[in-house]
>>> print(open('input-v5.cif').read())   # mmCIF, C-alpha atoms
data_final
loop_
_atom_site.label_atom_id
_atom_site.label_comp_id
_atom_site.auth_asym_id
_atom_site.auth_seq_id
_atom_site.Cartn_x
_atom_site.Cartn_y
_atom_site.Cartn_z
CA MET A 572 0.00 0.00 0.00
CA THR A 573 1.08 3.63 0.18
CA TYR A 574 0.96 6.91 2.04
CA CYS A 575 1.93 10.15 0.30
CA VAL A 576 1.22 13.76 1.21
CA GLY A 577 1.84 16.97 -0.71
CA MET A 578 1.48 20.49 0.74
CA ARG A 579 1.21 23.84 -1.06
CA LEU A 580 2.35 26.75 1.10
CA ASP A 581 3.07 30.42 0.58
CA ALA A 582 6.76 29.57 0.96
CA GLY A 583 6.80 26.60 -1.42
CA LEU A 584 5.93 22.90 -1.54
CA VAL A 585 6.49 19.81 0.61
CA PHE A 586 6.25 16.24 -0.71
CA LEU A 587 6.60 13.06 1.36
CA ALA A 588 6.14 9.46 0.18
CA ASP A 589 6.78 6.04 1.66
CA SER A 590 8.12 3.20 -0.46
CA ARG A 591 6.22 0.06 0.56
CA THR A 592 4.03 -1.63 -2.05
CA ASN A 593 2.95 -4.79 -0.25
CA ALA A 594 3.39 -6.32 3.17
CA GLY A 595 3.05 -9.71 4.79
CA VAL A 596 4.76 -12.03 7.18
CA ASP A 597 7.44 -13.01 4.67
CA GLN A 598 7.01 -10.59 1.76
CA VAL A 599 7.71 -6.86 1.71
CA GLY A 600 8.18 -4.92 -1.52
CA THR A 601 9.93 -1.57 -1.80
CA PHE A 602 9.49 0.73 -4.79
CA ARG A 603 9.95 4.49 -4.79
CA LYS A 604 6.76 6.43 -5.53
CA LEU A 605 8.09 9.99 -5.82
CA SER A 606 9.39 11.09 -9.23
CA VAL A 607 10.88 14.45 -10.23
CA PHE A 608 10.57 16.18 -13.61
CA GLU A 609 13.17 18.95 -13.49
CA ASN A 610 14.81 21.40 -15.87
CA PRO A 611 16.76 23.70 -13.52
CA GLY A 612 15.93 27.34 -13.98
CA ASP A 613 12.77 26.59 -15.99
CA ARG A 614 10.64 24.07 -14.08
CA MET A 615 10.53 21.63 -11.18
CA MET A 616 7.64 19.17 -10.90
CA VAL A 617 6.97 16.23 -8.60
CA MET A 618 4.63 13.27 -9.11
CA MET A 619 3.68 10.84 -6.32
CA THR A 620 1.56 7.76 -7.05
CA ALA A 621 -0.61 5.32 -5.12
CA GLY A 622 -2.44 2.23 -6.36
CA ASN A 623 -1.46 -0.58 -8.69
CA LEU A 624 2.32 -0.46 -9.12
CA SER A 625 2.38 -1.57 -12.76
CA ILE A 626 -0.15 1.14 -13.66
CA SER A 627 1.83 3.76 -11.72
CA GLN A 628 5.05 2.88 -13.52
CA ALA A 629 3.31 2.89 -16.90
CA VAL A 630 1.81 6.32 -16.21
CA ARG A 631 5.15 7.75 -15.12
CA GLN A 632 6.84 6.52 -18.30
CA THR A 633 3.98 7.81 -20.44
CA VAL A 634 4.12 11.26 -18.81
CA SER A 635 7.86 11.49 -19.56
CA ALA A 636 7.33 10.75 -23.26
CA TRP A 637 3.88 12.27 -23.85
CA VAL A 638 3.44 14.67 -26.78
CA SER A 639 0.00 16.20 -27.26
CA GLU A 640 -1.56 17.01 -30.64
CA ASN A 641 -0.26 20.57 -30.44
CA GLY A 642 3.26 19.43 -29.50
CA THR A 643 2.97 20.14 -25.75
CA THR A 644 5.01 17.93 -23.43
CA ILE A 645 5.71 17.89 -19.71
CA TRP A 646 8.97 19.67 -20.57
CA ASN A 647 7.50 22.61 -22.49
CA ALA A 648 4.02 23.02 -20.98
CA PRO A 649 3.43 26.77 -20.46
CA ASP A 650 1.99 26.37 -16.96
CA MET A 651 1.25 23.79 -14.28
CA TYR A 652 -2.37 23.44 -15.35
CA GLU A 653 -1.29 22.23 -18.79
CA ALA A 654 1.28 19.95 -17.17
CA ALA A 655 -1.47 18.45 -15.00
CA ARG A 656 -3.56 17.90 -18.14
CA ILE A 657 -0.68 15.90 -19.61
CA VAL A 658 -0.62 13.70 -16.48
CA GLY A 659 -4.37 13.17 -16.83
CA ASP A 660 -4.03 12.34 -20.53
CA ALA A 661 -1.30 9.83 -19.68
CA VAL A 662 -3.58 8.13 -17.15
CA ARG A 663 -6.34 7.82 -19.75
CA ALA A 664 -3.89 6.48 -22.33
CA VAL A 665 -2.69 3.76 -19.96
CA TYR A 666 -6.32 2.95 -19.12
CA ARG A 667 -7.11 2.42 -22.81
CA GLN A 668 -4.09 0.15 -23.17
CA GLU A 669 -4.39 -1.92 -20.00
CA SER A 670 -7.86 -1.83 -18.43
CA ALA A 671 -9.45 -4.59 -20.54
CA ARG A 672 -6.59 -7.01 -19.87
CA LEU A 673 -6.60 -6.19 -16.18
CA ALA A 674 -10.36 -6.72 -16.00
CA GLU A 675 -9.95 -10.20 -17.51
CA HIS A 676 -7.94 -11.09 -14.41
CA GLY A 677 -10.23 -9.32 -11.96
CA VAL A 678 -7.84 -6.41 -11.38
CA ASP A 679 -9.24 -2.88 -11.08
CA PHE A 680 -7.61 0.07 -12.79
CA ASN A 681 -6.48 1.78 -9.60
CA ILE A 682 -4.23 4.83 -9.42
CA SER A 683 -4.24 8.20 -7.68
CA ILE A 684 -1.63 10.90 -8.12
CA VAL A 685 -0.42 14.00 -6.30
CA PHE A 686 1.27 16.26 -8.84
CA GLY A 687 2.76 19.67 -8.15
CA GLY A 688 5.59 22.04 -8.79
CA GLN A 689 6.45 25.35 -10.39
CA ILE A 690 7.07 26.56 -13.92
CA GLN A 691 8.92 29.82 -14.50
CA GLY A 692 6.55 32.77 -14.53
CA GLU A 693 3.86 31.38 -12.21
CA ARG A 694 3.38 30.42 -8.58
CA CYS A 695 3.66 26.96 -7.04
CA ARG A 696 0.63 24.75 -7.73
CA LEU A 697 -0.57 21.35 -6.50
CA PHE A 698 -3.06 18.89 -8.08
CA TYR A 699 -4.83 15.64 -7.24
CA VAL A 700 -5.29 13.40 -10.30
CA TYR A 701 -7.90 10.63 -10.21
CA SER A 702 -8.09 7.25 -11.98
CA ALA A 703 -10.25 8.77 -14.72
CA GLY A 704 -7.57 11.35 -15.53
CA ASN A 705 -9.56 14.30 -14.19
CA PHE A 706 -8.02 16.44 -11.46
CA ILE A 707 -8.59 19.14 -8.87
CA GLU A 708 -6.25 21.89 -7.64
CA SER A 709 -5.27 22.80 -4.11
CA HIS A 710 -6.33 26.21 -2.80
CA ASP A 711 -5.85 28.10 0.46
CA GLU A 712 -8.88 26.39 2.01
CA ASN A 713 -7.30 23.00 1.35
CA PRO A 714 -3.51 23.40 1.14
CA TYR A 715 -2.65 19.70 1.00
CA PHE A 716 -3.53 16.41 -0.68
CA GLN A 717 -3.05 12.83 0.56
CA ILE A 718 -3.18 9.53 -1.32
CA GLY A 719 -3.12 5.96 -0.06
CA GLU A 720 -3.58 5.28 3.66
CA ALA A 721 -4.55 8.85 4.45
CA LYS A 722 -6.76 8.53 7.54
CA TYR A 723 -4.09 7.96 10.18
CA GLY A 724 -2.01 11.01 9.33
CA LYS A 725 -4.81 13.46 8.52
CA PRO A 726 -5.68 14.85 12.00
CA ILE A 727 -2.27 16.39 12.71
CA ILE A 728 -2.19 18.10 9.29
CA ASP A 729 -5.71 19.49 9.74
CA ARG A 730 -4.70 20.99 13.09
CA VAL A 731 -1.35 22.44 12.05
CA VAL A 732 -0.93 23.26 8.35
CA THR A 733 -2.14 26.49 6.76
CA PRO A 734 -0.75 28.33 3.72
CA ARG A 735 1.31 30.48 6.11
CA THR A 736 3.08 27.49 7.70
CA SER A 737 6.85 27.56 7.18
CA LEU A 738 8.49 24.90 5.03
CA ASP A 739 10.38 23.42 7.99
CA ASP A 740 7.25 23.22 10.14
CA ALA A 741 5.30 21.70 7.26
CA ALA A 742 8.04 19.10 6.73
CA LYS A 743 7.98 18.30 10.46
CA CYS A 744 4.19 17.96 10.35
CA ALA A 745 4.37 15.70 7.29
CA LEU A 746 6.87 13.44 9.06
CA ILE A 747 4.68 13.23 12.18
CA SER A 748 1.75 12.42 9.92
CA MET A 749 3.82 9.64 8.35
CA ASP A 750 4.90 8.33 11.76
CA SER A 751 1.24 8.05 12.83
CA THR A 752 0.56 6.04 9.68
CA LEU A 753 3.59 3.80 10.11
CA ARG A 754 2.50 2.95 13.66
CA SER A 755 -1.05 2.03 12.62
CA ASN A 756 -0.65 0.33 9.24
CA ILE A 757 1.86 -2.34 8.29
CA SER A 758 1.26 -1.70 4.59
CA VAL A 759 3.16 1.62 4.82
CA GLY A 760 6.89 1.49 5.46
CA LEU A 761 10.37 2.97 5.27
CA PRO A 762 12.36 4.30 3.52
CA LEU A 763 10.70 7.65 2.91
CA ASP A 764 11.38 10.27 0.24
CA LEU A 765 11.07 13.88 1.46
CA LEU A 766 11.36 16.82 -0.95
CA VAL A 767 11.07 20.41 0.30
CA TYR A 768 10.89 23.04 -2.44
CA GLU A 769 11.34 26.78 -1.88
CA ASP A 770 9.21 29.03 -4.05
CA GLY A 771 11.20 30.45 -6.98
CA SER A 772 14.06 27.94 -6.83
CA LEU A 773 13.05 26.11 -10.03
CA ALA A 774 15.31 23.22 -8.99
CA VAL A 775 15.49 20.52 -6.33
CA THR A 776 17.55 21.89 -3.44
CA ARG A 777 16.35 19.94 -0.39
CA PHE A 778 15.79 16.21 -0.70
CA VAL A 779 16.46 13.28 1.62
CA THR A 780 15.71 9.57 1.67
CA ILE A 781 14.89 8.61 5.27
CA ASP A 782 15.54 5.12 6.60
CA GLU A 783 15.40 3.65 10.12
CA HIS A 784 18.80 5.17 10.94
CA ASN A 785 17.88 8.78 10.17
CA GLN A 786 18.73 10.81 13.27
CA TYR A 787 16.02 13.46 13.03
CA PHE A 788 13.21 11.03 12.20
CA GLN A 789 14.11 8.82 15.15
CA LEU A 790 14.21 11.87 17.44
CA LEU A 791 10.84 13.03 16.14
CA ARG A 792 9.21 9.61 16.58
CA THR A 793 10.44 9.27 20.16
CA SER A 794 9.74 12.80 21.35
CA TRP A 795 6.32 13.01 19.66
CA GLY A 796 5.15 9.82 21.36
CA GLN A 797 6.46 10.93 24.74
CA GLN A 798 4.90 14.38 24.50
CA LEU A 799 1.54 12.99 23.40
CA LYS A 800 1.53 10.77 26.48
CA THR A 801 2.51 13.68 28.71
CA VAL A 802 -0.27 15.88 27.34
CA PHE A 803 -2.79 13.05 27.72
CA GLU A 804 -1.83 12.37 31.33
CA GLY A 805 -2.02 16.09 32.12
CA MET A 806 -5.64 16.41 31.01
CA ALA A 807 -8.31 16.18 33.72
CA ALA A 808 -10.54 13.10 33.93
CA PRO A 809 -14.27 13.72 33.33
CA VAL A 810 -16.62 14.55 36.18
CA TRP A 811 -20.12 13.08 36.00
CA ASP A 812 -23.38 14.47 37.39
CA ALA A 813 -21.91 17.75 38.60
CA ALA A 814 -23.65 21.09 38.57
CA PRO A 815 -22.75 23.23 35.55
CA GLY A 816 -19.96 25.67 36.31
CA THR A 817 -18.64 23.88 39.36
CA THR A 818 -15.59 22.73 37.42
CA ASP A 819 -14.30 22.92 33.85
CA ASN A 820 -14.35 19.16 33.27
CA VAL A 821 -18.05 18.40 33.73
CA LEU A 822 -18.99 15.68 31.25
CA SER A 823 -22.56 15.07 32.44
CA SER A 824 -24.72 17.65 34.20
CA ALA A 825 -26.77 16.48 37.17
CA ASN A 826 -29.87 18.24 35.87
CA LEU A 827 -29.70 16.85 32.33
CA HIS A 828 -29.32 13.07 32.39
CA SER A 829 -28.71 11.19 29.15
CA ARG A 830 -30.30 7.81 28.58
CA PRO A 831 -28.98 4.94 26.45
CA VAL A 832 -31.21 3.25 23.89
CA ARG A 833 -32.29 0.01 25.59
CA ALA A 834 -33.82 -2.93 23.74
CA ALA A 835 -37.19 -4.06 25.06
CA LEU A 836 -37.34 -7.35 26.96
CA PRO A 837 -38.90 -10.25 25.04
CA PRO A 838 -42.54 -11.04 25.83
CA GLY A 839 -42.87 -13.24 28.90
CA MET A 840 -39.54 -12.29 30.41
CA THR A 841 -39.76 -10.83 33.91
CA ALA A 842 -37.88 -7.62 34.44
CA GLY A 843 -35.12 -7.83 37.01
CA ALA A 844 -33.73 -5.06 39.12
CA PRO A 845 -34.02 -1.53 37.75
CA PRO A 846 -30.99 -0.25 35.88
CA ALA A 847 -28.21 0.86 38.16
CA PRO A 848 -27.59 4.60 38.34
CA LEU A 849 -24.95 5.77 35.91
CA GLN A 850 -21.59 6.04 37.65
CA SER A 851 -18.06 6.98 36.75
CA VAL A 852 -14.65 6.17 38.14
CA ALA A 853 -14.15 9.91 38.31
CA GLU A 854 -16.77 10.20 41.05
CA GLN A 855 -15.67 10.31 44.66
CA PRO A 856 -17.31 7.85 47.11
CA PRO A 857 -19.82 9.39 49.48
CA VAL A 858 -18.49 10.63 52.80
CA PRO A 859 -19.99 8.68 55.78
CA ALA A 860 -22.34 10.71 58.00
CA GLN A 861 -20.81 12.00 61.24
CA HIS A 862 -22.56 11.12 64.52
#
>>> encode(input="input-v5.cif", output="structure tokens")
Amino acid sequence: MTYCVGMRLDAGLVFLADSRTNAGVDQVGTFRKLSVFENPGDRMMVMMTAGNLSISQAVRQTVSAWVSENGTTIWNAPDMYEAARIVGDAVRAVYRQESARLAEHGVDFNISIVFGGQIQGERCRLFYVYSAGNFIESHDENPYFQIGEAKYGKPIIDRVVTPRTSLDDAAKCALISMDSTLRSNISVGLPLDLLVYEDGSLAVTRFVTIDEHNQYFQLLRTSWGQQLKTVFEGMAAPVWDAAPGTTDNVLSSANLHSRPVRAALPPGMTAGAPPAPLQSVAEQPPVPAQH
């Protein structure tokens, strides 16, 4: 499987991809999913893929060699929108070539792509390309795209990343997002490819492949886990059936009891004792009366 995330910021772009394609007790495959299309000084573009590996590799090769009817290629497209159209056209071309044969073997045509970069004369742009070859573009309201196993790493990005986030903070957030995914899903794995692009560079200047020995990633994984536990332990436990305003951690107000949905007893069954009053471990035992 896969997890990839791309972020479009005022300061530039951040791309992070894992490299695991399958996982099992005795079989782990590693293939890099981040590809760069670069002509220094003119353009720098990144494509990350998730889905069927053979389809992903075919699309990448097709994008590299694609020439449209008007002679446009990934290397001379006038802007990122036209470059994204070439990626979409390449997806549709591979679909026409391969989908029928794949269907004969019960294999779906499955690919999703994060594609972004900068061409001289325009700002950084980021796109999400679907299996049908259509695509959407990132805007300030949604400054990032994920593909693959996205659910585990999404919450931290939603809480942290905005267009004004610095490149270093965005890279840190992407790595924490990846760490959350690695901990929860065996189908995502090291090594990782991280590319951080500064707006206007028009060339790759900051790139690293991260394995289990990377000093910063190990520091981040350890400290993030420890600090999460510290924050969790520092939060107050809930208080049940307290008067509103008596404390900040009232979960259930004494004057507004909630009731669970209870199934009715079958006909002929005698009801036992009435339901016990709702309690909580956060409640203190009653103080014995003084005589």
>>> residues_around(input="input-v5.cif", residues="Glu769 (chain A)", least_positions_apart="4", cutoff="8 Å", atoms="only C-alpha atoms", output="number ranges by chain")
A: 582-584, 738
>>> atom_distance(input="input-v5.cif", atom1="CA of Thr592 (chain A)", atom2="CA of Leu799 (chain A)")
29.5 Å
>>> resolve_selection(input="input-v5.cif", expression="the PyMOL selection byres ((chain A and resi 729) around 12)", output="PyMOL selection string")
chain A and resi 578+712-717+721-728+730-734+741+744-745+748
>>> closest_residue(input="input-v5.cif", among="A:Ser751, A:Ser772, A:Asp589, A:Ala813", to="Arg792 (chain A)", atoms="only C-alpha atoms")
A:Ser751
>>> atom_distance(input="input-v5.cif", atom1="CA of Glu669 (chain A)", atom2="CA of Val638 (chain A)")
19.6 Å
>>> residues_around(input="input-v5.cif", residues="Gly719 (chain A)", least_positions_apart="4", cutoff="10 Å", atoms="all atoms listed in the file", output="list in words")
Met572, Thr573, Tyr574, Cys575, Val576, Ala588, Thr620, Ala621, Gly622, Ile682, Ser683, Ile684, Ser758 and Val759 of chain A
>>> resolve_selection(input="input-v5.cif", expression="the PyMOL selection byres ((chain A and resi 613) around 8)", output="MDAnalysis selection string")
chainID A and resid 610:612 614:615 690:691 773
>>> closest_residue(input="input-v5.cif", among="A:Trp646, A:Tyr768, A:Phe803, A:Phe602", to="Ser590 (chain A)", atoms="only C-alpha atoms")
A:Phe602
>>> resolve_selection(input="input-v5.cif", expression="the PyMOL selection byres ((chain A and resi 608) around 10)", output="list in words")
Ser606, Val607, Glu609, Asn610, Pro611, Arg614, Met615, Met616, Val617, Met618, Val634, Ser635, Ile645, Trp646, Gly688, Ala774 and Val775 of chain A
>>> atom_distance(input="input-v5.cif", atom1="CA of Asn681 (chain A)", atom2="CA of Ser625 (chain A)")
10.0 Å
